[in-house]
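What follows is the content of protein.cif (mmCIF, C-alpha atoms).
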```cif
data_input
loop_
_atom_site.group_PDB
_atom_site.id
_atom_site.type_symbol
_atom_site.label_atom_id
_atom_site.label_comp_id
_atom_site.auth_asym_id
_atom_site.auth_seq_id
_atom_site.Cartn_x
_atom_site.Cartn_y
_atom_site.Cartn_z
ATOM 1 C CA MET L 252 0.000 0.000 0.000
ATOM 2 C CA ALA L 253 1.149 3.544 -0.607
ATOM 3 C CA SER L 254 2.482 5.560 2.313
ATOM 4 C CA ALA L 255 -0.452 7.947 1.829
ATOM 5 C CA LEU L 256 -2.621 5.293 3.445
ATOM 6 C CA GLY L 257 -0.493 5.291 6.553
ATOM 7 C CA ALA L 258 1.412 2.054 5.950
ATOM 8 C CA PRO L 259 4.542 1.905 8.131
ATOM 9 C CA ARG L 260 7.783 2.897 6.456
ATOM 10 C CA THR L 261 9.910 -0.223 5.965
ATOM 11 C CA VAL L 262 13.370 0.377 7.410
ATOM 12 C CA LEU L 263 15.910 -1.645 5.461
ATOM 13 C CA LEU L 264 19.492 -1.146 6.551
ATOM 14 C CA LEU L 265 20.986 -3.749 4.251
ATOM 15 C CA ALA L 266 21.984 -0.946 1.908
ATOM 16 C CA LEU L 267 24.216 0.420 4.664
ATOM 17 C CA ALA L 268 25.963 -2.849 5.394
ATOM 18 C CA LEU L 269 28.520 -2.724 2.604
ATOM 19 C CA LEU L 270 31.163 -0.073 3.193
ATOM 20 C CA PRO L 271 34.092 0.521 0.818
ATOM 21 C CA GLY L 272 36.892 -1.919 1.490
ATOM 22 C CA CYS L 273 34.730 -4.461 3.344
ATOM 23 C CA ALA L 274 34.207 -6.715 0.329
ATOM 24 C CA ALA L 275 34.902 -7.011 -3.361
ATOM 25 C CA SER L 276 32.971 -4.581 -5.534
ATOM 26 C CA PRO L 277 29.677 -6.009 -6.808
ATOM 27 C CA VAL L 278 30.399 -4.275 -10.115
ATOM 28 C CA GLN L 279 33.227 -5.484 -12.333
ATOM 29 C CA TRP L 280 34.314 -2.111 -13.645
ATOM 30 C CA ASP L 281 35.872 -1.721 -17.069
ATOM 31 C CA ALA L 282 39.480 -0.588 -16.965
ATOM 32 C CA GLU L 283 39.013 2.603 -18.948
ATOM 33 C CA ARG L 284 36.897 5.625 -18.046
ATOM 34 C CA ALA L 285 35.375 7.853 -20.676
ATOM 35 C CA GLU L 286 34.991 11.592 -20.748
ATOM 36 C CA ARG L 287 32.358 13.444 -22.737
ATOM 37 C CA ALA L 288 31.637 17.125 -23.144
ATOM 38 C CA ARG L 289 28.227 18.223 -21.954
ATOM 39 C CA ALA L 290 25.865 19.806 -24.434
ATOM 40 C CA GLY L 291 22.462 20.687 -23.040
ATOM 41 C CA ALA L 292 20.217 18.133 -21.331
ATOM 42 C CA MET L 293 21.867 14.734 -21.537
ATOM 43 C CA ASP L 294 20.935 11.126 -20.898
ATOM 44 C CA LEU L 295 23.164 8.064 -20.638
ATOM 45 C CA SER L 296 23.088 4.834 -22.610
ATOM 46 C CA HIS L 297 24.178 1.526 -21.086
ATOM 47 C CA ASP L 298 27.340 1.483 -23.203
ATOM 48 C CA GLY L 299 28.486 4.802 -21.777
ATOM 49 C CA HIS L 300 27.413 7.212 -24.521
ATOM 50 C CA LEU L 301 25.818 10.530 -23.682
ATOM 51 C CA VAL L 302 22.716 11.197 -25.755
ATOM 52 C CA PRO L 303 20.174 14.056 -25.791
ATOM 53 C CA ASP L 304 17.552 13.601 -23.091
ATOM 54 C CA SER L 305 14.421 13.020 -25.165
ATOM 55 C CA LEU L 306 12.144 13.684 -22.174
ATOM 56 C CA ALA L 307 13.742 16.948 -21.075
ATOM 57 C CA ALA L 308 11.717 19.056 -23.499
ATOM 58 C CA GLU L 309 8.492 17.272 -22.542
ATOM 59 C CA SER L 310 9.036 17.811 -18.819
ATOM 60 C CA ALA L 311 9.468 21.542 -19.486
ATOM 61 C CA VAL L 312 6.068 21.936 -21.157
ATOM 62 C CA LEU L 313 3.936 19.083 -19.811
ATOM 63 C CA THR L 314 1.364 20.045 -17.175
ATOM 64 C CA PRO L 315 0.666 17.320 -14.596
ATOM 65 C CA PRO L 316 -2.905 16.853 -13.316
ATOM 66 C CA SER L 317 -2.278 18.449 -9.896
ATOM 67 C CA PRO L 318 -0.237 21.461 -8.704
ATOM 68 C CA ALA L 319 3.499 20.929 -9.139
ATOM 69 C CA CYS L 320 6.550 22.704 -7.791
ATOM 70 C CA PRO L 321 8.350 24.418 -10.703
ATOM 71 C CA GLY L 322 11.103 22.243 -12.126
ATOM 72 C CA SER L 323 10.152 19.186 -10.072
ATOM 73 C CA LEU L 324 8.455 17.144 -12.804
ATOM 74 C CA ALA L 325 10.357 13.990 -13.825
ATOM 75 C CA LEU L 326 9.277 11.645 -16.614
ATOM 76 C CA GLY L 327 9.868 8.041 -17.578
ATOM 77 C CA ARG L 328 8.552 6.296 -20.682
ATOM 78 C CA ALA L 329 7.638 2.681 -21.364
ATOM 79 C CA GLY L 330 6.247 2.219 -24.855
ATOM 80 C CA ARG L 331 3.469 4.755 -25.407
ATOM 81 C CA THR L 332 2.928 5.352 -21.696
ATOM 82 C CA LEU L 333 4.557 8.322 -20.036
ATOM 83 C CA PHE L 334 4.946 8.119 -16.249
ATOM 84 C CA ALA L 335 5.315 11.330 -14.252
ATOM 85 C CA VAL L 336 6.358 12.138 -10.689
ATOM 86 C CA TRP L 337 6.492 15.588 -9.088
ATOM 87 C CA TRP L 338 6.465 17.491 -5.824
ATOM 88 C CA SER L 339 3.031 18.969 -5.093
ATOM 89 C CA PRO L 340 3.167 21.811 -2.514
ATOM 90 C CA ARG L 341 0.953 21.858 0.562
ATOM 91 C CA ARG L 342 -0.235 24.796 2.670
ATOM 92 C CA ASP L 343 2.129 24.021 5.568
ATOM 93 C CA SER L 344 5.154 24.266 3.210
ATOM 94 C CA THR L 345 5.661 20.493 3.115
ATOM 95 C CA ALA L 346 5.046 18.644 -0.143
ATOM 96 C CA LEU L 347 3.395 15.514 -1.455
ATOM 97 C CA LEU L 348 5.331 13.337 -3.880
ATOM 98 C CA ALA L 349 2.676 12.591 -6.499
ATOM 99 C CA SER L 350 2.523 10.446 -9.631
ATOM 100 C CA ALA L 351 0.274 9.790 -12.622
ATOM 101 C CA PHE L 352 0.608 8.427 -16.145
ATOM 102 C CA THR L 353 -0.672 9.259 -19.607
ATOM 103 C CA SER L 354 -0.793 7.361 -22.894
ATOM 104 C CA ASP L 355 -1.619 10.371 -25.078
ATOM 105 C CA ASP L 356 1.137 12.820 -24.119
ATOM 106 C CA GLY L 357 -0.844 14.542 -21.402
ATOM 107 C CA ALA L 358 -4.251 14.934 -23.032
ATOM 108 C CA HIS L 359 -5.690 12.526 -20.469
ATOM 109 C CA TRP L 360 -4.149 11.433 -17.167
ATOM 110 C CA SER L 361 -4.679 8.571 -14.770
ATOM 111 C CA PRO L 362 -5.828 9.423 -11.228
ATOM 112 C CA VAL L 363 -3.073 11.048 -9.165
ATOM 113 C CA VAL L 364 -1.578 8.703 -6.562
ATOM 114 C CA ALA L 365 0.767 9.409 -3.670
ATOM 115 C CA VAL L 366 4.272 8.030 -3.825
ATOM 116 C CA ASP L 367 5.101 9.501 -0.403
ATOM 117 C CA SER L 368 3.007 11.792 1.794
ATOM 118 C CA THR L 369 5.215 11.846 4.914
ATOM 119 C CA ASP L 370 7.418 14.843 4.071
ATOM 120 C CA HIS L 371 8.339 16.929 7.137
ATOM 121 C CA GLY L 372 10.542 19.446 5.334
ATOM 122 C CA ALA L 373 8.857 22.848 5.526
ATOM 123 C CA SER L 374 10.857 24.194 2.592
ATOM 124 C CA GLY L 375 8.015 24.726 0.170
ATOM 125 C CA CYS L 376 9.147 24.105 -3.380
ATOM 126 C CA VAL L 377 12.843 24.557 -2.609
ATOM 127 C CA ARG L 378 13.711 20.895 -3.076
ATOM 128 C CA THR L 379 15.545 18.594 -5.471
ATOM 129 C CA PRO L 380 13.451 17.007 -8.242
ATOM 130 C CA PRO L 381 12.784 13.262 -7.938
ATOM 131 C CA ALA L 382 13.929 10.700 -10.510
ATOM 132 C CA ILE L 383 11.837 8.023 -12.210
ATOM 133 C CA ALA L 384 12.396 4.981 -14.428
ATOM 134 C CA ALA L 385 9.744 2.834 -16.120
ATOM 135 C CA ASP L 386 10.721 -0.731 -17.002
ATOM 136 C CA ALA L 387 8.614 -1.944 -19.932
ATOM 137 C CA GLY L 388 9.677 -5.558 -19.399
ATOM 138 C CA SER L 389 8.565 -5.924 -15.787
ATOM 139 C CA GLY L 390 5.879 -3.243 -15.786
ATOM 140 C CA TYR L 391 7.447 -1.725 -12.659
ATOM 141 C CA VAL L 392 7.838 2.016 -12.131
ATOM 142 C CA HIS L 393 10.737 3.085 -9.884
ATOM 143 C CA VAL L 394 11.022 6.443 -8.099
ATOM 144 C CA VAL L 395 13.938 7.899 -6.104
ATOM 145 C CA TYR L 396 13.828 11.159 -4.135
ATOM 146 C CA GLY L 397 15.397 13.113 -1.306
ATOM 147 C CA MET L 398 13.196 14.158 1.599
ATOM 148 C CA LEU L 399 13.032 15.031 5.277
ATOM 149 C CA ALA L 400 11.143 11.961 6.518
ATOM 150 C CA PRO L 401 9.749 11.516 10.039
ATOM 151 C CA GLU L 402 12.890 9.588 11.005
ATOM 152 C CA GLY L 403 15.302 12.036 9.371
ATOM 153 C CA PRO L 404 16.540 13.338 6.022
ATOM 154 C CA GLY L 405 17.775 10.988 3.360
ATOM 155 C CA LEU L 406 17.449 9.354 -0.028
ATOM 156 C CA PHE L 407 14.392 7.132 -0.476
ATOM 157 C CA PHE L 408 13.017 4.664 -3.012
ATOM 158 C CA SER L 409 9.526 3.507 -3.880
ATOM 159 C CA HIS L 410 8.156 1.475 -6.734
ATOM 160 C CA SER L 411 4.889 0.512 -8.352
ATOM 161 C CA MET L 412 4.234 -3.116 -9.283
ATOM 162 C CA ASP L 413 0.950 -2.362 -11.060
ATOM 163 C CA GLY L 414 1.993 0.060 -13.757
ATOM 164 C CA GLY L 415 1.770 3.236 -11.685
ATOM 165 C CA ALA L 416 -1.675 2.616 -10.164
ATOM 166 C CA SER L 417 -0.220 2.466 -6.624
ATOM 167 C CA PHE L 418 3.175 2.630 -4.916
ATOM 168 C CA HIS L 419 4.652 0.505 -2.156
ATOM 169 C CA SER L 420 5.847 1.959 1.134
ATOM 170 C CA PRO L 421 9.213 3.697 0.658
ATOM 171 C CA VAL L 422 12.522 2.247 1.776
ATOM 172 C CA PRO L 423 15.623 4.292 2.662
ATOM 173 C CA ILE L 424 18.735 3.995 0.544
ATOM 174 C CA LEU L 425 20.908 6.317 2.609
ATOM 175 C CA TYR L 426 20.316 8.843 5.387
ATOM 176 C CA GLY L 427 22.065 12.214 5.405
ATOM 177 C CA ASP L 428 21.496 15.955 5.470
ATOM 178 C CA ARG L 429 22.852 17.004 2.058
ATOM 179 C CA LEU L 430 20.010 16.077 -0.261
ATOM 180 C CA GLY L 431 21.299 16.287 -3.811
ATOM 181 C CA ARG L 432 20.424 15.020 -7.244
ATOM 182 C CA MET L 433 19.827 11.396 -8.105
ATOM 183 C CA SER L 434 19.153 9.110 -11.073
ATOM 184 C CA VAL L 435 17.514 5.681 -11.381
ATOM 185 C CA ALA L 436 17.478 2.986 -14.070
ATOM 186 C CA ALA L 437 16.048 -0.522 -14.213
ATOM 187 C CA ASP L 438 16.110 -3.620 -16.400
ATOM 188 C CA GLY L 439 14.244 -6.616 -15.026
ATOM 189 C CA ASN L 440 15.580 -7.627 -11.620
ATOM 190 C CA LEU L 441 18.407 -5.090 -11.629
ATOM 191 C CA VAL L 442 17.702 -1.567 -10.373
ATOM 192 C CA ILE L 443 20.497 0.970 -9.926
ATOM 193 C CA VAL L 444 20.472 4.381 -8.273
ATOM 194 C CA GLY L 445 23.167 7.010 -8.715
ATOM 195 C CA PHE L 446 23.186 9.758 -6.092
ATOM 196 C CA GLU L 447 25.098 12.662 -4.635
ATOM 197 C CA ASP L 448 26.403 11.412 -1.296
ATOM 198 C CA PRO L 449 24.326 13.151 1.422
ATOM 199 C CA ASN L 450 27.067 12.712 4.039
ATOM 200 C CA SER L 451 30.147 13.956 2.189
ATOM 201 C CA ARG L 452 31.622 17.428 2.678
ATOM 202 C CA THR L 453 33.049 17.283 -0.842
ATOM 203 C CA PRO L 454 30.307 16.427 -3.355
ATOM 204 C CA ARG L 455 30.820 12.881 -4.599
ATOM 205 C CA ILE L 456 28.781 10.232 -6.385
ATOM 206 C CA GLY L 457 27.590 6.898 -5.000
ATOM 207 C CA LEU L 458 25.775 3.935 -6.487
ATOM 208 C CA ALA L 459 23.161 1.622 -4.943
ATOM 209 C CA LEU L 460 22.184 -1.706 -6.510
ATOM 210 C CA SER L 461 19.163 -3.943 -6.145
ATOM 211 C CA ARG L 462 18.983 -7.400 -7.716
ATOM 212 C CA THR L 463 15.409 -7.859 -6.538
ATOM 213 C CA MET L 464 13.486 -5.274 -8.576
ATOM 214 C CA GLY L 465 14.022 -2.678 -5.871
ATOM 215 C CA HIS L 466 12.562 -4.672 -2.974
ATOM 216 C CA ILE L 467 15.970 -4.608 -1.266
ATOM 217 C CA PHE L 468 19.116 -2.637 -2.106
ATOM 218 C CA GLU L 469 21.798 -5.179 -1.350
ATOM 219 C CA ASP L 470 24.844 -3.081 -2.227
ATOM 220 C CA ARG L 471 26.011 0.495 -1.868
ATOM 221 C CA LEU L 472 29.245 1.807 -3.343
ATOM 222 C CA LEU L 473 30.894 5.022 -2.110
ATOM 223 C CA PRO L 474 32.458 6.756 -3.809
ATOM 224 C CA VAL L 475 32.071 5.774 -7.455
ATOM 225 C CA SER L 476 33.479 9.111 -8.582
ATOM 226 C CA ASP L 477 37.082 10.064 -7.953
ATOM 227 C CA ASP L 478 37.465 10.792 -4.257
ATOM 228 C CA ASN L 479 39.823 13.729 -4.780
ATOM 229 C CA GLY L 480 37.419 16.174 -6.416
ATOM 230 C CA ALA L 481 33.841 17.386 -6.431
ATOM 231 C CA ALA L 482 31.316 15.487 -8.548
ATOM 232 C CA VAL L 483 27.594 16.154 -9.025
ATOM 233 C CA SER L 484 24.568 15.407 -11.234
ATOM 234 C CA PRO L 485 24.692 11.613 -11.618
ATOM 235 C CA LEU L 486 23.223 9.764 -14.588
ATOM 236 C CA VAL L 487 22.748 5.978 -14.623
ATOM 237 C CA SER L 488 21.759 3.377 -17.182
ATOM 238 C CA VAL L 489 21.426 -0.414 -17.207
ATOM 239 C CA HIS L 490 20.878 -3.060 -19.863
ATOM 240 C CA GLY L 491 20.969 -6.697 -18.834
ATOM 241 C CA HIS L 492 24.015 -6.977 -16.575
ATOM 242 C CA ARG L 493 25.755 -3.950 -18.068
ATOM 243 C CA VAL L 494 25.631 -0.696 -16.079
ATOM 244 C CA ALA L 495 26.892 2.819 -16.691
ATOM 245 C CA ILE L 496 27.182 5.804 -14.383
ATOM 246 C CA ALA L 497 28.235 9.340 -15.244
ATOM 247 C CA TRP L 498 28.763 12.488 -13.218
ATOM 248 C CA ARG L 499 29.588 16.102 -13.927
ATOM 249 C CA GLU L 500 32.903 17.718 -13.064
ATOM 250 C CA PRO L 501 34.560 20.034 -12.457
ATOM 251 C CA VAL L 502 31.765 21.698 -10.532
ATOM 252 C CA GLY L 503 31.236 25.327 -11.492
ATOM 253 C CA ALA L 504 33.349 25.147 -14.643
ATOM 254 C CA ALA L 505 32.264 27.137 -17.680
ATOM 255 C CA ALA L 506 32.435 23.995 -19.832
ATOM 256 C CA PRO L 507 31.871 21.007 -17.503
ATOM 257 C CA THR L 508 32.272 17.464 -18.697
ATOM 258 C CA TYR L 509 30.762 14.140 -17.736
ATOM 259 C CA ARG L 510 33.087 11.381 -16.583
ATOM 260 C CA ILE L 511 31.696 7.911 -17.230
ATOM 261 C CA ARG L 512 32.293 4.453 -15.765
ATOM 262 C CA THR L 513 30.897 1.263 -17.245
ATOM 263 C CA GLY L 514 30.896 -2.241 -15.848
ATOM 264 C CA THR L 515 29.129 -5.536 -15.361
ATOM 265 C CA VAL L 516 27.100 -6.828 -12.446
ATOM 266 C CA PRO L 517 27.755 -10.606 -12.348
#
```

Structure rendered as structure tokens:
Amino acid sequence: MASALGAPRTVLLLALALLPGCAASPVQWDAERAERARAGAMDLSHDGHLVPDSLAAESAVLTPPSPACPGSLALGRAGRTLFAVWWSPRRDSTALLASAFTSDDGAHWSPVVAVDSTDHGASGCVRTPPAIAADAGSGYVHVVYGMLAPEGPGLFFSHSMDGGASFHSPVPILYGDRLGRMSVAADGNLVIVGFEDPNSRTPRIGLALSRTMGHIFEDRLLPVSDDNGAAVSPLVSVHGHRVAIAWREPVGAAAPTYRIRTGTVP
């Protein structure tokens, strides 16, 4: 049941169990890293190529079926169906994380459902947009977001097993105060989340992996980016057992680039 119905938040700490150096990496990383210049809104393919984000233009003009914080709308497509998630402001300056889907590019929408209604952060619309991925093969819809939850701030995950009609109670990926950008991708059983580490003084990128369609995140890797410089704005992609993660650096540069790692999850 969705958290809007009051279902208890499932606290899964398995994602915190694997610290760097405690075990072999669950990703067999390729030896070489790529570097690509950034040109506008970008997306990432599983083989490590940056491509234009085909949904960026749609998210800028599409109007969801309930009030949305400016810039918070995120889209994921599976076939002809477009899945949307956004922050919807409330009078007390908290926000509802809402979702709906459309099969005719926004002319008609499904009923709005709550992904998470337990936000305690009275920051109005000053918040990081969520991320969403729709897996056409499994029919699952995966959502990742940063929020001040009742138990504290952190990065959270929820998914729909019925094509966006309802969302399961959220699970935490990582707790921390610095709520930054995130990215999610899925292919069958494998779900990956790239995120800005909420506990690092220097911005760096981490990666969380689930081999169970997002029911449990068994592994967390920190950092995936180089640990000697700032890195932000993660992008992730997955196809079969092949994964790719990119991040932007140097931060604040006039012409930033994306650095890309690719690998295989056995």

- Query: Counting only C-alpha atoms, what is within 12 Å of L:Pro362, bar same-chain residues fewer than 4 positions away, as a ChimeraX atom specification?
  - Reply: /L:315-317,334-335,349-353,415-417

Based on the selection just made, write C-alpha atoms of those residues as a PDB file, in the frame of the given file.
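Listed below is the output, result.pdb:
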```pdb
ATOM      1  CA  PRO L 315       0.666  17.320 -14.596  1.00  0.00           C
ATOM      2  CA  PRO L 316      -2.905  16.853 -13.316  1.00  0.00           C
ATOM      3  CA  SER L 317      -2.278  18.449  -9.896  1.00  0.00           C
ATOM      4  CA  PHE L 334       4.946   8.119 -16.249  1.00  0.00           C
ATOM      5  CA  ALA L 335       5.315  11.330 -14.252  1.00  0.00           C
ATOM      6  CA  ALA L 349       2.676  12.591  -6.499  1.00  0.00           C
ATOM      7  CA  SER L 350       2.523  10.446  -9.631  1.00  0.00           C
ATOM      8  CA  ALA L 351       0.274   9.790 -12.622  1.00  0.00           C
ATOM      9  CA  PHE L 352       0.608   8.427 -16.145  1.00  0.00           C
ATOM     10  CA  THR L 353      -0.672   9.259 -19.607  1.00  0.00           C
ATOM     11  CA  GLY L 415       1.770   3.236 -11.685  1.00  0.00           C
ATOM     12  CA  ALA L 416      -1.675   2.616 -10.164  1.00  0.00           C
ATOM     13  CA  SER L 417      -0.220   2.466  -6.624  1.00  0.00           C
TER      14      SER L 417
END
```

The PyMOL selection byres ((chain L and resi 489-497) around 7) - which residues does that actually catch in the file I just gave you? List them as a PDB file with C-alpha atoms, in the frame of the given file.
```pdb
ATOM      1  CA  HIS L 297      24.178   1.526 -21.086  1.00  0.00           C
ATOM      2  CA  ASP L 298      27.340   1.483 -23.203  1.00  0.00           C
ATOM      3  CA  GLY L 299      28.486   4.802 -21.777  1.00  0.00           C
ATOM      4  CA  ALA L 436      17.478   2.986 -14.070  1.00  0.00           C
ATOM      5  CA  ALA L 437      16.048  -0.522 -14.213  1.00  0.00           C
ATOM      6  CA  ASP L 438      16.110  -3.620 -16.400  1.00  0.00           C
ATOM      7  CA  PRO L 485      24.692  11.613 -11.618  1.00  0.00           C
ATOM      8  CA  LEU L 486      23.223   9.764 -14.588  1.00  0.00           C
ATOM      9  CA  VAL L 487      22.748   5.978 -14.623  1.00  0.00           C
ATOM     10  CA  SER L 488      21.759   3.377 -17.182  1.00  0.00           C
ATOM     11  CA  TRP L 498      28.763  12.488 -13.218  1.00  0.00           C
ATOM     12  CA  TYR L 509      30.762  14.140 -17.736  1.00  0.00           C
ATOM     13  CA  ARG L 510      33.087  11.381 -16.583  1.00  0.00           C
ATOM     14  CA  ILE L 511      31.696   7.911 -17.230  1.00  0.00           C
ATOM     15  CA  ARG L 512      32.293   4.453 -15.765  1.00  0.00           C
ATOM     16  CA  THR L 513      30.897   1.263 -17.245  1.00  0.00           C
ATOM     17  CA  GLY L 514      30.896  -2.241 -15.848  1.00  0.00           C
ATOM     18  CA  THR L 515      29.129  -5.536 -15.361  1.00  0.00           C
ATOM     19  CA  VAL L 516      27.100  -6.828 -12.446  1.00  0.00           C
ATOM     20  CA  PRO L 517      27.755 -10.606 -12.348  1.00  0.00           C
TER      21      PRO L 517
END
```

Output as JSON lines one row per residue of stretch 343-365 of chain L within 10 Å of stretch 387-409 of chain L: the closest atom pair and its distance in Å to one decimal place, counting all atoms listed in the file, sorted by chain and residue number ascending.
```
{"residue": "L:Thr345", "atom": "CA", "partner": "L:Leu399", "partner_atom": "CA", "distance": 9.4}
{"residue": "L:Ala346", "atom": "CA", "partner": "L:Met398", "partner_atom": "CA", "distance": 9.5}
{"residue": "L:Leu348", "atom": "CA", "partner": "L:Tyr396", "partner_atom": "CA", "distance": 8.8}
{"residue": "L:Ser350", "atom": "CA", "partner": "L:Val394", "partner_atom": "CA", "distance": 9.5}
```

- Using only C-alpha atoms, which residue out of L:Asp386, L:Asp355, L:Asp304, L:Asp367 lies closest to L:Ser420?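 When distances to L:Ser420 are compared using only C-alpha atoms, the smallest one comes from L:Asp367.
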
- Item | Contacts of stretch 305-309 of chain L within 12 Å, all atoms listed in the file, excl. fewer than 4 positions in-chain, as a list in words |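 The contact residues come out as Gly291, Ala292, Met293, Asp294, Leu295, Leu301, Leu313, Thr314, Pro315, Gly322, Ser323, Leu324, Ala325, Leu326, Gly327, Arg328, Ala329, Leu333, Phe334, Ala335, Asp356, Gly357, Ile383 and Ala384 of chain L.
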
- Query: Rounded to one decimal in Å, what is the spacing between atom CA of L:Ser476 and atom CA of L:Arg289?
  - Reply: 17.0 Å

- Task: Name the residues in contact with stretch 375-377 of chain L at a cut-off of 12 Å, using only C-alpha atoms, excluding same-chain residues fewer than 3 positions from it; report them as a ChimeraX atom specification.
- Result: /L:318-324,337-348,370-372,380,397-398,430-431

- Which of these, L:Ala385, L:Ala459, L:Glu286, L:Asn479, has the shortest distance to L:Gly439 once you count only C-alpha atoms?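 Answer, going by the shortest atom-to-atom distance: L:Ala385.
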
- For L:Val336, which residue out of L:Pro454, L:Pro381, L:Gly445, L:Gly503 is the nearest one, using all atoms listed in the file?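 Of L:Pro454, L:Pro381, L:Gly445, L:Gly503, the one nearest L:Val336 is L:Pro381, counting all atoms listed in the file.
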
- Message: Just the number, please: distance in Å from atom CA of L:Glu469 to atom CA of L:Ser451, one decimal.
- Response: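 Computed distance, atom CA of L:Glu469 to atom CA of L:Ser451, equals 21.2 Å.
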
- Query: Between atom CA of L:Asp448 and atom CA of L:Arg429, what is the spacing in Å?
  - Reply: 7.4 Å

- Query: From the set L:Met433, L:Trp280, L:Val366, L:Leu441, which residue has the shortest atom-to-atom contact distance to L:Thr463, counting all atoms listed in the file?
  - Reply: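 Among L:Met433, L:Trp280, L:Val366, L:Leu441, it is L:Leu441 that comes nearest to L:Thr463.
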
Picked residues, the PyMOL selection byres ((chain L and resi 502) around 10), expected as a short mmCIF file (atom, residue, chain, number, x, y, z; two decimals) with C-alpha atoms, keeping the file's coordinate frame:
```cif
data_model
loop_
_atom_site.label_atom_id
_atom_site.label_comp_id
_atom_site.auth_asym_id
_atom_site.auth_seq_id
_atom_site.Cartn_x
_atom_site.Cartn_y
_atom_site.Cartn_z
CA PRO L 454 30.31 16.43 -3.36
CA GLY L 480 37.42 16.17 -6.42
CA ALA L 481 33.84 17.39 -6.43
CA ALA L 482 31.32 15.49 -8.55
CA VAL L 483 27.59 16.15 -9.02
CA SER L 484 24.57 15.41 -11.23
CA ARG L 499 29.59 16.10 -13.93
CA GLU L 500 32.90 17.72 -13.06
CA PRO L 501 34.56 20.03 -12.46
CA GLY L 503 31.24 25.33 -11.49
CA ALA L 504 33.35 25.15 -14.64
CA ALA L 505 32.26 27.14 -17.68
CA ALA L 506 32.44 24.00 -19.83
CA PRO L 507 31.87 21.01 -17.50
CA THR L 508 32.27 17.46 -18.70
#
```

- Message: Please return as a ChimeraX atom specification every residue within 6 Å of (26.9, 4.1, -2.3), taking into account only C-alpha atoms and the file's own coordinates.
- Response: /L:457-459,471-473

- Taking only C-alpha atoms into account, which of L:Ser461, L:Val475, L:His466, L:Ala358 comes nearest L:Phe446? L:Val475

Return the padded bounding box of stretch 454-463 of chain L as lines of an AutoDock Vina configuration file: axis-aligned, built from all atoms listed in the file, 3 Å added on each side, with centre and edge lengths in Å to one decimal.
```
center_x = 23.1
center_y = 4.3
center_z = -5.5
size_x = 21.4
size_y = 30.3
size_z = 10.4
```

- Message: Using only C-alpha atoms, can you tell me which of L:Val435, L:Phe418, L:Asp478, L:Ala373 comes closest to L:Leu460?
- Response: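 Closest candidate: L:Val435.
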